[in-house]
file upload14.cif (mmCIF, C-alpha atoms (C1' of nucleotides))
data_query
#
loop_
_atom_site.label_atom_id
_atom_site.label_comp_id
_atom_site.auth_asym_id
_atom_site.auth_seq_id
_atom_site.Cartn_x
_atom_site.Cartn_y
_atom_site.Cartn_z
CA MET J 1 13.19 -47.90 21.05
CA ASP J 2 13.55 -44.13 21.23
CA GLN J 3 16.29 -44.40 18.67
CA GLU J 4 13.96 -46.22 16.32
CA LEU J 5 11.35 -43.54 16.80
CA PHE J 6 13.87 -40.93 15.79
CA PHE J 7 15.21 -42.76 12.75
CA ASN J 8 11.72 -43.57 11.67
CA TYR J 9 10.84 -39.89 11.85
CA LEU J 10 13.99 -38.94 9.93
CA SER J 11 13.20 -41.41 7.18
CA LYS J 12 10.18 -39.31 6.25
CA PHE J 13 12.57 -36.59 5.13
CA ILE J 14 15.86 -38.22 4.14
CA SER J 15 17.15 -41.76 3.70
CA LEU J 16 20.30 -42.36 5.66
CA THR J 17 22.67 -45.20 4.88
CA ALA J 18 23.52 -47.74 7.59
CA ASN J 19 26.86 -46.05 7.92
CA GLU J 20 25.39 -42.59 8.30
CA LYS J 21 23.12 -43.88 11.03
CA LYS J 22 26.13 -45.35 12.78
CA ILE J 23 27.82 -41.97 12.66
CA LEU J 24 24.76 -40.24 14.01
CA ILE J 25 24.04 -42.50 16.98
CA PRO J 26 26.81 -41.30 19.36
CA PHE J 27 25.55 -37.75 18.97
CA LEU J 28 22.08 -38.52 20.30
CA LYS J 29 21.72 -37.31 23.89
CA TYR J 30 18.56 -38.43 25.64
CA ARG J 31 17.02 -36.48 28.45
CA LYS J 32 13.90 -36.56 30.58
CA TYR J 33 12.08 -33.57 32.09
CA LEU J 34 9.30 -33.45 34.62
CA LYS J 35 6.05 -31.62 34.11
CA GLY J 36 6.59 -27.94 34.82
CA GLN J 37 10.35 -27.96 34.21
CA TYR J 38 11.99 -25.51 31.86
CA ILE J 39 14.36 -26.45 29.05
CA VAL J 40 15.31 -22.79 28.88
CA GLN J 41 14.13 -19.61 30.53
CA GLN J 42 13.91 -16.15 29.02
CA GLY J 43 17.25 -14.39 29.50
CA ASP J 44 19.35 -17.56 29.67
CA ILE J 45 21.27 -19.01 26.76
CA CYS J 46 19.38 -21.79 25.03
CA ASN J 47 21.96 -24.53 24.57
CA TYR J 48 19.75 -27.19 23.03
CA ASN J 49 17.59 -27.88 20.07
CA SER J 50 15.28 -30.61 21.35
CA PHE J 51 13.47 -33.31 19.44
CA VAL J 52 10.37 -34.42 21.33
CA LEU J 53 10.05 -38.19 21.71
CA GLN J 54 7.28 -37.94 24.26
CA GLY J 55 5.48 -35.08 25.96
CA CYS J 56 4.02 -31.66 25.32
CA LEU J 57 5.82 -28.34 25.64
CA ARG J 58 5.07 -24.69 25.19
CA THR J 59 7.29 -21.81 24.17
CA TYR J 60 6.23 -18.43 25.49
CA HIS J 61 7.44 -14.89 25.99
CA VAL J 62 6.66 -12.63 28.95
CA ASP J 63 6.43 -8.97 27.90
CA GLU J 64 7.15 -5.82 29.95
CA ARG J 65 3.58 -5.70 31.19
CA GLY J 66 4.02 -9.19 32.55
CA HIS J 67 1.69 -10.73 30.01
CA GLU J 68 2.50 -14.19 28.65
CA HIS J 69 2.40 -14.88 24.92
CA VAL J 70 2.55 -18.48 23.76
CA VAL J 71 4.55 -18.63 20.55
CA ARG J 72 4.47 -22.32 19.85
CA PHE J 73 3.58 -25.74 21.22
CA ALA J 74 5.56 -28.92 20.59
CA ILE J 75 4.54 -32.55 20.87
CA GLU J 76 5.91 -35.89 19.65
CA ASN J 77 8.08 -35.61 16.54
CA TRP J 78 8.40 -31.84 16.73
CA TRP J 79 11.54 -29.87 17.36
CA THR J 80 11.69 -27.02 19.78
CA THR J 81 14.20 -24.47 20.95
CA ASP J 82 14.68 -20.74 21.14
CA MET J 83 16.17 -20.69 17.67
CA GLY J 84 17.60 -17.18 17.93
CA SER J 85 19.35 -17.90 21.21
CA PHE J 86 20.47 -21.33 20.08
CA ILE J 87 22.12 -20.15 16.88
CA ASN J 88 23.61 -16.89 18.04
CA ASN J 89 24.38 -17.80 21.64
CA THR J 90 22.40 -14.80 22.83
CA PRO J 91 19.94 -14.51 25.76
CA ALA J 92 16.70 -16.31 25.02
CA ASP J 93 13.51 -14.38 24.25
CA TYR J 94 11.39 -17.30 25.26
CA ASN J 95 10.68 -19.82 27.98
CA VAL J 96 10.40 -23.43 26.87
CA GLN J 97 8.42 -25.34 29.46
CA CYS J 98 7.24 -28.93 29.71
CA LEU J 99 3.49 -29.21 30.16
CA GLU J 100 3.83 -32.96 30.75
CA ASN J 101 6.71 -35.23 31.70
CA ALA J 102 8.85 -35.18 28.61
CA ASN J 103 11.38 -37.29 26.84
CA VAL J 104 13.63 -35.59 24.31
CA ILE J 105 16.79 -35.90 22.24
CA GLN J 106 18.99 -32.84 22.54
CA PHE J 107 21.57 -31.32 20.22
CA THR J 108 23.93 -28.49 21.00
CA ILE J 109 24.85 -26.12 18.21
CA SER J 110 28.34 -27.57 17.97
CA THR J 111 26.97 -31.11 17.84
CA LEU J 112 24.64 -30.08 15.09
CA ASN J 113 27.41 -28.39 13.12
CA LYS J 114 29.55 -31.50 13.42
CA ILE J 115 26.69 -33.63 12.15
CA PHE J 116 26.09 -31.26 9.25
CA ASP J 117 29.74 -31.65 8.33
CA LEU J 118 29.74 -35.42 8.51
CA ILE J 119 26.31 -35.96 6.95
CA PRO J 120 25.37 -33.19 4.49
CA LYS J 121 21.96 -34.81 4.02
CA PHE J 122 21.25 -33.95 7.61
CA GLU J 123 21.73 -30.29 6.90
CA SER J 124 19.33 -30.62 3.96
CA PHE J 125 16.83 -32.13 6.31
CA PHE J 126 17.25 -29.26 8.71
CA ARG J 127 16.89 -26.66 6.02
CA ILE J 128 13.65 -28.28 4.96
CA ILE J 129 12.04 -28.44 8.37
CA ILE J 130 12.99 -24.84 9.05
CA GLN J 131 11.55 -23.78 5.71
CA ASN J 132 8.32 -25.48 6.73
CA ALA J 133 8.33 -23.77 10.11
CA PHE J 134 8.88 -20.41 8.43
CA VAL J 135 6.03 -20.96 5.99
CA ALA J 136 3.74 -21.98 8.85
CA SER J 137 4.75 -18.95 10.88
CA GLU J 138 3.91 -16.50 8.09
CA LYS J 139 0.61 -18.25 7.50
CA ARG J 140 -0.17 -17.74 11.14
CA ILE J 141 0.55 -14.01 10.85
CA VAL J 142 -1.96 -13.77 8.02
CA ARG J 143 -4.53 -15.78 9.95
CA ASN J 144 -4.10 -13.51 12.95
CA PHE J 145 -4.96 -10.54 10.75
CA SER J 146 -7.64 -11.99 8.53
CA LEU J 147 -9.66 -14.03 11.01
CA ASP J 148 -11.51 -12.87 14.11
CA ALA J 149 -11.03 -14.60 17.46
CA ARG J 150 -13.76 -17.18 16.93
CA GLU J 151 -12.47 -18.13 13.50
CA ARG J 152 -8.91 -18.36 14.79
CA TYR J 153 -10.01 -20.73 17.52
CA LEU J 154 -11.88 -22.94 15.07
CA ALA J 155 -8.90 -22.95 12.71
CA PHE J 156 -6.64 -23.88 15.60
CA SER J 157 -8.84 -26.78 16.72
CA GLU J 158 -8.91 -28.07 13.19
CA LEU J 159 -5.18 -27.62 12.59
CA TYR J 160 -4.08 -29.10 15.93
CA PRO J 161 -6.90 -31.28 17.28
CA GLN J 162 -4.38 -33.12 19.48
CA LEU J 163 -3.28 -29.91 21.16
CA ASP J 164 -6.79 -28.70 21.87
CA GLN J 165 -7.08 -31.66 24.27
CA ARG J 166 -3.65 -31.67 25.88
CA VAL J 167 -3.16 -28.00 26.63
CA PRO J 168 -4.86 -25.79 29.25
CA GLN J 169 -7.35 -23.44 27.73
CA TYR J 170 -5.69 -20.27 28.91
CA MET J 171 -2.55 -21.20 26.99
CA ILE J 172 -4.56 -21.70 23.84
CA ALA J 173 -6.11 -18.29 24.39
CA SER J 174 -2.62 -16.87 24.68
CA TYR J 175 -1.52 -18.65 21.49
CA LEU J 176 -4.52 -17.14 19.72
CA GLY J 177 -3.77 -13.68 21.08
CA ILE J 178 -6.93 -13.29 23.16
CA THR J 179 -7.75 -13.36 26.87
CA LYS J 180 -8.79 -16.56 28.61
CA GLN J 181 -12.11 -14.92 29.47
CA TYR J 182 -12.91 -14.17 25.88
CA LEU J 183 -11.97 -17.66 24.73
CA SER J 184 -14.27 -19.04 27.40
CA GLU J 185 -17.08 -16.87 26.01
CA ILE J 186 -16.32 -18.02 22.47
CA ARG J 187 -16.37 -21.70 23.43
CA ASN J 188 -19.64 -21.22 25.21
CA LEU J 189 -21.05 -19.57 22.11
CA ILE J 190 -19.85 -22.35 19.83
CA ALA J 191 -21.22 -25.08 22.12
CA HIS J 192 -24.69 -23.49 22.43
CA LYS J 193 -24.66 -22.00 18.92
CA MET L 1 28.57 -5.22 -11.35
CA ASP L 2 25.41 -6.96 -10.23
CA GLN L 3 27.45 -10.10 -9.90
CA GLU L 4 29.84 -8.34 -7.56
CA LEU L 5 26.93 -7.09 -5.47
CA PHE L 6 25.71 -10.63 -5.09
CA PHE L 7 29.08 -12.17 -4.23
CA ASN L 8 29.76 -9.38 -1.84
CA TYR L 9 26.48 -10.10 -0.10
CA LEU L 10 27.22 -13.82 -0.01
CA SER L 11 30.61 -13.21 1.55
CA LYS L 12 28.88 -11.93 4.67
CA PHE L 13 27.64 -15.46 5.27
CA ILE L 14 30.05 -17.90 3.62
CA SER L 15 33.42 -17.68 1.92
CA LEU L 16 33.39 -19.28 -1.50
CA THR L 17 36.54 -20.36 -3.27
CA ALA L 18 37.32 -18.97 -6.73
CA ASN L 19 36.30 -22.31 -8.15
CA GLU L 20 32.99 -22.37 -6.32
CA LYS L 21 32.22 -18.91 -7.63
CA LYS L 22 32.98 -20.10 -11.13
CA ILE L 23 30.53 -22.95 -10.66
CA LEU L 24 27.87 -20.60 -9.36
CA ILE L 25 28.02 -17.95 -12.07
CA PRO L 26 26.23 -19.79 -14.88
CA PHE L 27 23.27 -20.37 -12.56
CA LEU L 28 22.64 -16.68 -11.97
CA LYS L 29 19.65 -15.50 -14.01
CA TYR L 30 19.13 -11.76 -14.05
CA ARG L 31 15.75 -10.21 -14.61
CA LYS L 32 14.15 -6.78 -14.56
CA TYR L 33 10.60 -5.92 -13.58
CA LEU L 34 8.66 -2.69 -13.95
CA LYS L 35 6.88 -0.95 -11.10
CA GLY L 36 3.56 -2.65 -10.52
CA GLN L 37 4.51 -5.98 -12.10
CA TYR L 38 4.02 -9.25 -10.29
CA ILE L 39 6.69 -11.92 -9.82
CA VAL L 40 3.92 -14.28 -8.81
CA GLN L 41 0.20 -13.99 -8.18
CA GLN L 42 -1.87 -15.83 -5.62
CA GLY L 43 -3.04 -19.13 -7.12
CA ASP L 44 -0.17 -19.48 -9.60
CA ILE L 45 2.91 -21.58 -8.98
CA CYS L 46 5.84 -19.54 -7.71
CA ASN L 47 8.77 -20.72 -9.81
CA TYR L 48 11.42 -18.38 -8.47
CA ASN L 49 13.24 -17.45 -5.35
CA SER L 50 14.42 -13.92 -6.11
CA PHE L 51 17.38 -12.05 -4.71
CA VAL L 52 16.78 -8.30 -4.89
CA LEU L 53 19.66 -6.31 -6.44
CA GLN L 54 17.61 -3.16 -6.77
CA GLY L 55 14.04 -2.19 -5.98
CA CYS L 56 11.31 -2.64 -3.42
CA LEU L 57 8.68 -5.38 -3.38
CA ARG L 58 5.79 -6.43 -1.23
CA THR L 59 4.32 -9.86 -0.58
CA TYR L 60 0.64 -9.89 0.29
CA HIS L 61 -2.35 -12.15 0.60
CA VAL L 62 -5.93 -11.32 -0.33
CA ASP L 63 -8.44 -13.03 1.97
CA GLU L 64 -12.01 -14.18 1.23
CA ARG L 65 -13.38 -10.82 2.28
CA GLY L 66 -11.15 -9.21 -0.32
CA HIS L 67 -8.90 -7.62 2.28
CA GLU L 68 -5.18 -7.35 1.54
CA HIS L 69 -2.61 -8.41 4.13
CA VAL L 70 1.01 -7.47 3.56
CA VAL L 71 3.18 -10.30 4.83
CA ARG L 72 6.60 -8.96 3.99
CA PHE L 73 8.55 -6.30 2.13
CA ALA L 74 11.83 -6.86 0.33
CA ILE L 75 14.52 -4.42 -0.69
CA GLU L 76 18.15 -4.64 -1.79
CA ASN L 77 19.96 -7.75 -0.52
CA TRP L 78 16.80 -9.50 0.59
CA TRP L 79 15.35 -12.67 -0.82
CA THR L 80 11.71 -13.01 -1.63
CA THR L 81 9.39 -15.72 -2.89
CA ASP L 82 6.28 -17.59 -1.87
CA MET L 83 8.35 -20.17 -0.03
CA GLY L 84 5.54 -22.71 0.32
CA SER L 85 4.66 -22.60 -3.35
CA PHE L 86 8.30 -22.53 -4.41
CA ILE L 87 9.30 -25.62 -2.44
CA ASN L 88 6.22 -27.75 -2.87
CA ASN L 89 5.18 -26.62 -6.32
CA THR L 90 1.73 -25.76 -5.03
CA PRO L 91 -0.48 -22.74 -5.79
CA ALA L 92 0.85 -19.58 -4.19
CA ASP L 93 -0.84 -18.04 -1.16
CA TYR L 94 0.70 -14.69 -1.88
CA ASN L 95 1.19 -12.02 -4.50
CA VAL L 96 4.71 -10.72 -4.89
CA GLN L 97 4.59 -7.30 -6.50
CA CYS L 98 7.22 -4.75 -7.42
CA LEU L 99 6.61 -1.35 -5.85
CA GLU L 100 9.45 0.14 -7.89
CA ASN L 101 11.29 -0.94 -11.03
CA ALA L 102 13.26 -3.92 -9.85
CA ASN L 103 16.36 -5.81 -10.68
CA VAL L 104 16.68 -9.35 -9.35
CA ILE L 105 18.55 -12.64 -9.60
CA GLN L 106 16.24 -15.60 -9.85
CA PHE L 107 16.64 -19.25 -8.92
CA THR L 108 14.27 -22.07 -9.70
CA ILE L 109 13.96 -24.87 -7.18
CA SER L 110 15.86 -27.27 -9.45
CA THR L 111 18.64 -24.73 -9.97
CA LEU L 112 18.88 -24.30 -6.24
CA ASN L 113 18.99 -28.04 -5.62
CA LYS L 114 21.76 -28.39 -8.19
CA ILE L 115 23.73 -25.65 -6.51
CA PHE L 116 23.23 -27.25 -3.09
CA ASP L 117 24.65 -30.45 -4.55
CA LEU L 118 27.66 -28.82 -6.08
CA ILE L 119 28.38 -26.38 -3.27
CA PRO L 120 27.26 -27.69 0.13
CA LYS L 121 28.32 -24.40 1.71
CA PHE L 122 25.55 -22.77 -0.28
CA GLU L 123 22.98 -24.95 1.38
CA SER L 124 24.43 -23.96 4.77
CA PHE L 125 24.01 -20.36 3.77
CA PHE L 126 20.42 -20.96 2.84
CA ARG L 127 19.66 -22.76 6.04
CA ILE L 128 21.04 -19.85 7.97
CA ILE L 129 19.07 -17.13 6.23
CA ILE L 130 15.89 -19.14 6.56
CA GLN L 131 16.57 -19.66 10.26
CA ASN L 132 16.90 -15.90 10.57
CA ALA L 133 13.69 -15.34 8.68
CA PHE L 134 11.90 -17.80 10.93
CA VAL L 135 13.19 -16.14 14.08
CA ALA L 136 12.11 -12.74 12.78
CA SER L 137 8.68 -14.05 11.86
CA GLU L 138 8.02 -15.42 15.35
CA LYS L 139 9.24 -12.20 16.90
CA ARG L 140 6.74 -10.37 14.78
CA ILE L 141 3.94 -12.61 16.04
CA VAL L 142 4.84 -11.72 19.61
CA ARG L 143 5.04 -8.02 18.77
CA ASN L 144 1.63 -8.18 17.16
CA PHE L 145 0.21 -9.55 20.39
CA SER L 146 2.15 -7.58 22.96
CA LEU L 147 2.15 -4.13 21.38
CA ASP L 148 -0.78 -1.92 20.50
CA ALA L 149 -1.08 -0.30 17.08
CA ARG L 150 0.89 2.82 17.96
CA GLU L 151 3.72 0.84 19.50
CA ARG L 152 3.81 -1.52 16.52
CA TYR L 153 4.11 1.43 14.17
CA LEU L 154 6.95 2.96 16.18
CA ALA L 155 8.73 -0.41 16.33
CA PHE L 156 8.33 -0.78 12.58
CA SER L 157 9.75 2.67 11.83
CA GLU L 158 12.70 1.92 14.03
CA LEU L 159 13.29 -1.57 12.65
CA TYR L 160 12.90 -0.60 8.99
CA PRO L 161 13.50 3.15 8.65
CA GLN L 162 14.27 2.66 4.96
CA LEU L 163 10.89 1.08 4.31
CA ASP L 164 8.93 3.75 6.12
CA GLN L 165 10.06 6.12 3.36
CA ARG L 166 9.76 3.94 0.29
CA VAL L 167 6.40 2.28 0.86
CA PRO L 168 2.89 3.79 0.64
CA GLN L 169 1.34 4.31 4.04
CA TYR L 170 -1.64 2.06 3.45
CA MET L 171 0.69 -0.89 2.84
CA ILE L 172 2.46 -0.23 6.11
CA ALA L 173 -0.92 -0.16 7.82
CA SER L 174 -1.67 -3.53 6.26
CA TYR L 175 1.69 -4.91 7.39
CA LEU L 176 0.90 -3.74 10.91
CA GLY L 177 -2.55 -5.28 10.79
CA ILE L 178 -4.52 -2.03 11.08
CA THR L 179 -6.59 0.10 8.73
CA LYS L 180 -5.06 2.96 6.77
CA GLN L 181 -7.45 5.33 8.54
CA TYR L 182 -6.26 4.30 11.93
CA LEU L 183 -2.60 4.55 10.96
CA SER L 184 -3.29 8.05 9.71
CA GLU L 185 -4.80 8.91 13.09
CA ILE L 186 -1.82 7.41 14.89
CA ARG L 187 0.70 9.36 12.82
CA ASN L 188 -1.22 12.54 13.43
CA LEU L 189 -1.15 11.82 17.16
CA ILE L 190 2.58 11.14 17.15
CA ALA L 191 3.36 14.29 15.16
CA HIS L 192 1.28 16.57 17.43
CA LYS L 193 1.99 14.56 20.58
"C1'" DC W 1 -10.61 -33.07 52.19
"C1'" DG W 2 -8.64 -28.72 51.24
"C1'" DA W 3 -5.90 -25.53 48.57
"C1'" DA W 4 -4.42 -23.98 44.37
"C1'" DA W 5 -5.24 -23.67 39.53
"C1'" DA W 6 -8.33 -23.25 35.71
"C1'" DT W 7 -12.53 -21.77 33.95
"C1'" DT W 8 -16.74 -19.12 33.82
"C1'" DT W 9 -19.74 -15.09 34.24
"C1'" DG W 10 -21.03 -10.31 34.11
"C1'" DA W 11 -20.60 -5.18 34.13
"C1'" DC W 12 -18.19 -1.83 32.08
"C1'" DA W 13 -14.38 0.34 29.23
"C1'" DT W 14 -11.79 1.13 24.99
"C1'" DG W 15 -8.88 0.40 20.90
"C1'" DA W 16 -9.62 -0.10 16.50
"C1'" DC W 17 -13.03 -0.62 12.59
"C1'" DT W 18 -16.62 0.94 9.20
"C1'" DC W 19 -18.53 4.06 6.32
"C1'" DA W 20 -18.69 8.19 4.12
"C1'" DA W 21 -17.10 12.46 2.81
"C1'" DC W 22 -13.33 15.49 1.85
"C1'" DT W 23 -8.48 17.10 0.50
"C1'" DG W 24 -4.61 17.19 -2.18
"C1'" DG W 25 -1.28 15.82 -5.34
"C1'" DA W 26 0.19 13.49 -9.88
"C1'" DG W 27 -0.61 12.31 -14.21
"C1'" DT W 28 -3.23 12.75 -18.74
"C1'" DG W 29 -5.31 14.64 -22.48
"C1'" DG W 30 -7.54 18.31 -24.88
"C1'" DC E 1 -2.34 25.45 -18.96
"C1'" DC E 2 -6.83 24.17 -17.51
"C1'" DA E 3 -10.14 20.39 -16.46
"C1'" DC E 4 -10.63 15.73 -15.17
"C1'" DT E 5 -9.63 11.65 -13.05
"C1'" DC E 6 -7.25 8.58 -10.07
"C1'" DC E 7 -4.98 7.39 -6.07
"C1'" DA E 8 -3.26 8.19 -1.40
"C1'" DG E 9 -4.14 10.21 2.68
"C1'" DT E 10 -7.16 12.57 6.22
"C1'" DT E 11 -11.09 13.47 9.24
"C1'" DG E 12 -15.14 12.50 11.94
"C1'" DA E 13 -19.32 10.10 13.72
"C1'" DG E 14 -21.02 5.98 15.23
"C1'" DT E 15 -20.22 1.02 16.27
"C1'" DC E 16 -18.31 -3.36 17.65
"C1'" DA E 17 -14.98 -6.81 18.99
"C1'" DT E 18 -12.32 -7.68 22.53
"C1'" DG E 19 -10.11 -6.21 26.93
"C1'" DT E 20 -10.25 -5.22 32.07
"C1'" DC E 21 -11.55 -6.06 36.58
"C1'" DA E 22 -13.73 -8.59 40.01
"C1'" DA E 23 -16.11 -12.30 41.79
"C1'" DA E 24 -18.14 -16.95 41.54
"C1'" DT E 25 -17.67 -21.67 40.25
"C1'" DT E 26 -15.48 -25.88 38.87
"C1'" DT E 27 -11.62 -28.93 38.40
"C1'" DT E 28 -7.30 -30.88 39.68
"C1'" DC E 29 -4.42 -33.09 42.61
"C1'" DG E 30 -1.41 -33.53 46.71
#
call {"tool": "encode", "arguments": {"input": "upload14.cif", "output": "structure tokens"}}
result
Amino acid sequence: MDQELFFNYLSKFISLTANEKKILIPFLKYRKYLKGQYIVQQGDICNYNSFVLQGCLRTYHVDERGHEHVVRFAIENWWTTDMGSFINNTPADYNVQCLENANVIQFTISTLNKIFDLIPKFESFFRIIIQNAFVASEKRIVRNFSLDARERYLAFSELYPQLDQRVPQYMIASYLGITKQYLSEIRNLIAHK
Amino acid sequence: MDQELFFNYLSKFISLTANEKKILIPFLKYRKYLKGQYIVQQGDICNYNSFVLQGCLRTYHVDERGHEHVVRFAIENWWTTDMGSFINNTPADYNVQCLENANVIQFTISTLNKIFDLIPKFESFFRIIIQNAFVASEKRIVRNFSLDARERYLAFSELYPQLDQRVPQYMIASYLGITKQYLSEIRNLIAHK
DNA sequence: CGAAAATTTGACATGACTCAACTGGAGTGG
DNA sequence: CCACTCCAGTTGAGTCATGTCAAATTTTCG
């Protein structure tokens, strides 16, 4: 079931042979988390890159002032990890927390490297999704500079309508780089425009 | 000479055999640009991913209000392109402009795909540098939210001391997401602190 | 039902922007 | 070598978007 979900997702990027699938299967480690649990906490080493089968997660950083900054959300068919920590085996900059009960497939860096070795196509696939993530991240930087708070919120709702529903408002405010109070004001303004 | 520079750079990430180098060489296309010239302009297709041998470039987006937003700089040993346009063959979101006379090696997407096929290690290398770029980009998003303008400027000067010298101040202001006037005020404040 | 979490509301504060004018090179051409 | 222009940087007055703080209200959920 879950396995099918994963292979179905993969097939949108690369076509694996029956044999390649057979190779891949033993590497897939399934894991469940409860709402509120952390996959990794800031300061720890992030040992997993997680593919989300089911659930909703956020990745956030707490700065010296104690303010939270949501960097990213992840839902079904997204990957999430603290990439820097995961690759370099360094302390994580981010917390990755489940906002709902979650169901994921997890890869360690050594697993992933083994897979890359055995199935070069899989490394292609990874390169491509990271390219996409990078492009999206730079677009977000530009949006943060070129749009005001109201426009950013509207762009967000349009870009991720699913998230707008599933995620507490104060986390969306944090993702947009504004306070929860101001987002509340903005939503009020939009509703009664 | 230039070739040595490039292989020397590559060797920091992957070790190529003599044969692999021989395969790679015919794919390397050298090109010079003059100060002020564009490698790609917003709206055009970006055909090249460019490795900078010599020079300084900026990547920026012009929004509907006509405001410029610098997304990235590139100097020696950096890669630069409009990644989205380059991969997907879609109109570029960004202008890539030379701030000095520049000397680059350029790869088209089909060249790159051929190289990936012939030398899988090269695709690994690419995956890794894009991972790094992605990590850096998300860190920048957090900095933009957690630091005020003065702190962002100080962080920038520390992170890229070379750039602080080589790039006009108003482009740094744009990179930091503030006006040139306000950066001027900040610098004045720092100097006479 | 009751407590904790999320959201809203309002008064006030401020970081950063806008607009406009001015200064000071760095060419350029006569 | 002077006059002119262009571009980058500076300065200052007034304004605005968004933040802070504090309290009230609503929602969620054990």
call {"tool": "residues_near_point", "arguments": {"input": "upload14.cif", "point": "(-12.5, -3.7, 21.7)", "cutoff": "6 Å", "atoms": "only C-alpha atoms (C1' of nucleotides)", "output": "JSON, numbers by chain"}}
result
{"W": [14, 15], "E": [17, 18]}
call {"tool": "residues_around", "arguments": {"input": "upload14.cif", "residues": "Arg140 in chain L", "least_positions_apart": "2", "cutoff": "12 Å", "atoms": "only C-alpha atoms (C1' of nucleotides)", "output": "JSON, numbers by chain"}}
result
{"J": [69, 71, 137, 138, 140, 141, 142, 144], "L": [71, 72, 133, 134, 135, 136, 137, 138, 142, 143, 144, 145, 146, 147, 152, 155, 156, 159, 175, 176, 177]}
call {"tool": "write_last_selection", "arguments": {"input": "upload14.cif", "atoms": "C-alpha atoms", "output": "short mmCIF file (atom, residue, chain, number, x, y, z; two decimals), in the frame of the given file"}}
result
data_model
loop_
_atom_site.label_atom_id
_atom_site.label_comp_id
_atom_site.auth_asym_id
_atom_site.auth_seq_id
_atom_site.Cartn_x
_atom_site.Cartn_y
_atom_site.Cartn_z
CA HIS J 69 2.40 -14.88 24.92
CA VAL J 71 4.55 -18.63 20.55
CA SER J 137 4.75 -18.95 10.88
CA GLU J 138 3.91 -16.50 8.09
CA ARG J 140 -0.17 -17.74 11.14
CA ILE J 141 0.55 -14.01 10.85
CA VAL J 142 -1.96 -13.77 8.02
CA ASN J 144 -4.10 -13.51 12.95
CA VAL L 71 3.18 -10.30 4.83
CA ARG L 72 6.60 -8.96 3.99
CA ALA L 133 13.69 -15.34 8.68
CA PHE L 134 11.90 -17.80 10.93
CA VAL L 135 13.19 -16.14 14.08
CA ALA L 136 12.11 -12.74 12.78
CA SER L 137 8.68 -14.05 11.86
CA GLU L 138 8.02 -15.42 15.35
CA VAL L 142 4.84 -11.72 19.61
CA ARG L 143 5.04 -8.02 18.77
CA ASN L 144 1.63 -8.18 17.16
CA PHE L 145 0.21 -9.55 20.39
CA SER L 146 2.15 -7.58 22.96
CA LEU L 147 2.15 -4.13 21.38
CA ARG L 152 3.81 -1.52 16.52
CA ALA L 155 8.73 -0.41 16.33
CA PHE L 156 8.33 -0.78 12.58
CA LEU L 159 13.29 -1.57 12.65
CA TYR L 175 1.69 -4.91 7.39
CA LEU L 176 0.90 -3.74 10.91
CA GLY L 177 -2.55 -5.28 10.79
#
call {"tool": "interface_residues", "arguments": {"input": "upload14.cif", "of": "chain J", "to": "chain W", "cutoff": "8 Å", "atoms": "all atoms listed in the file", "output": "VMD selection string"}}
result
chain J and resid 168 170 181 184
call {"tool": "write_last_selection", "arguments": {"input": "upload14.cif", "atoms": "C-alpha atoms", "output": "PDB file, in the coordinates of the input"}}
result
ATOM      1  CA  PRO J 168      -4.860 -25.790  29.250  1.00  0.00           C
ATOM      2  CA  TYR J 170      -5.690 -20.270  28.910  1.00  0.00           C
ATOM      3  CA  GLN J 181     -12.110 -14.920  29.470  1.00  0.00           C
ATOM      4  CA  SER J 184     -14.270 -19.040  27.400  1.00  0.00           C
TER       5      SER J 184
END
call {"tool": "resolve_selection", "arguments": {"input": "upload14.cif", "expression": "the PyMOL selection byres ((chain J and resi 42) around 10)", "output": "list in words"}}
result
Tyr38, Val40, Gln41, Gly43, Asp44, Ile45, Cys46, Thr59, Tyr60, His61, Val62, Asp82, Ser85, Pro91, Ala92, Asp93, Tyr94, Asn95 and Val96 of chain J
call {"tool": "resolve_selection", "arguments": {"input": "upload14.cif", "expression": "the PyMOL selection byres ((chain L and resi 7) around 12)", "output": "PyMOL selection string"}}
result
chain L and resi 1-6+8-18+20-22+24-25+28+51+53+77+105+122
call {"tool": "calpha_fit_rmsd", "arguments": {"input": "upload14.cif", "fixed": "chain L", "moving": "chain J"}}
result
0.0 Å
call {"tool": "interface_residues", "arguments": {"input": "upload14.cif", "of": "chain J", "to": "chain E", "cutoff": "10 Å", "atoms": "all atoms listed in the file", "output": "ChimeraX atom specification"}}
result
/J:148-149,178-179,181-182
call {"tool": "atom_distance", "arguments": {"input": "upload14.cif", "atom1": "CA of Glu158 in chain J", "atom2": "CA of Tyr33 in chain J"}}
result
28.8 Å
call {"tool": "residues_near_point", "arguments": {"input": "upload14.cif", "point": "(20.1, -25.6, 21.3)", "cutoff": "10 Å", "atoms": "only C-alpha atoms (C1' of nucleotides)", "output": "list in words"}}
result
Ile39, Val40, Ile45, Cys46, Asn47, Tyr48, Asn49, Ser50, Thr80, Thr81, Asp82, Met83, Gly84, Ser85, Phe86, Ile87, Asn88, Asn89, Gln106, Phe107, Thr108, Ile109, Ser110, Thr111 and Leu112 of chain J
call {"tool": "atom_distance", "arguments": {"input": "upload14.cif", "atom1": "CA of Ala173 in chain J", "atom2": "CA of Glu76 in chain J"}}
result
21.8 Å
call {"tool": "closest_residue", "arguments": {"input": "upload14.cif", "among": "L:Ile119, L:Val70, L:Val52, L:Ile23", "to": "Ile172 in chain L", "atoms": "only C-alpha atoms"}}
result
L:Val70
call {"tool": "atom_distance", "arguments": {"input": "upload14.cif", "atom1": "CA of Ile128 in chain J", "atom2": "CA of Trp78 in chain L"}}
result
19.5 Å
call {"tool": "closest_residue", "arguments": {"input": "upload14.cif", "among": "L:Met171, L:Ile190, L:Ile130, L:Leu99", "to": "chain J", "atoms": "all atoms listed in the file"}}
result
L:Ile130
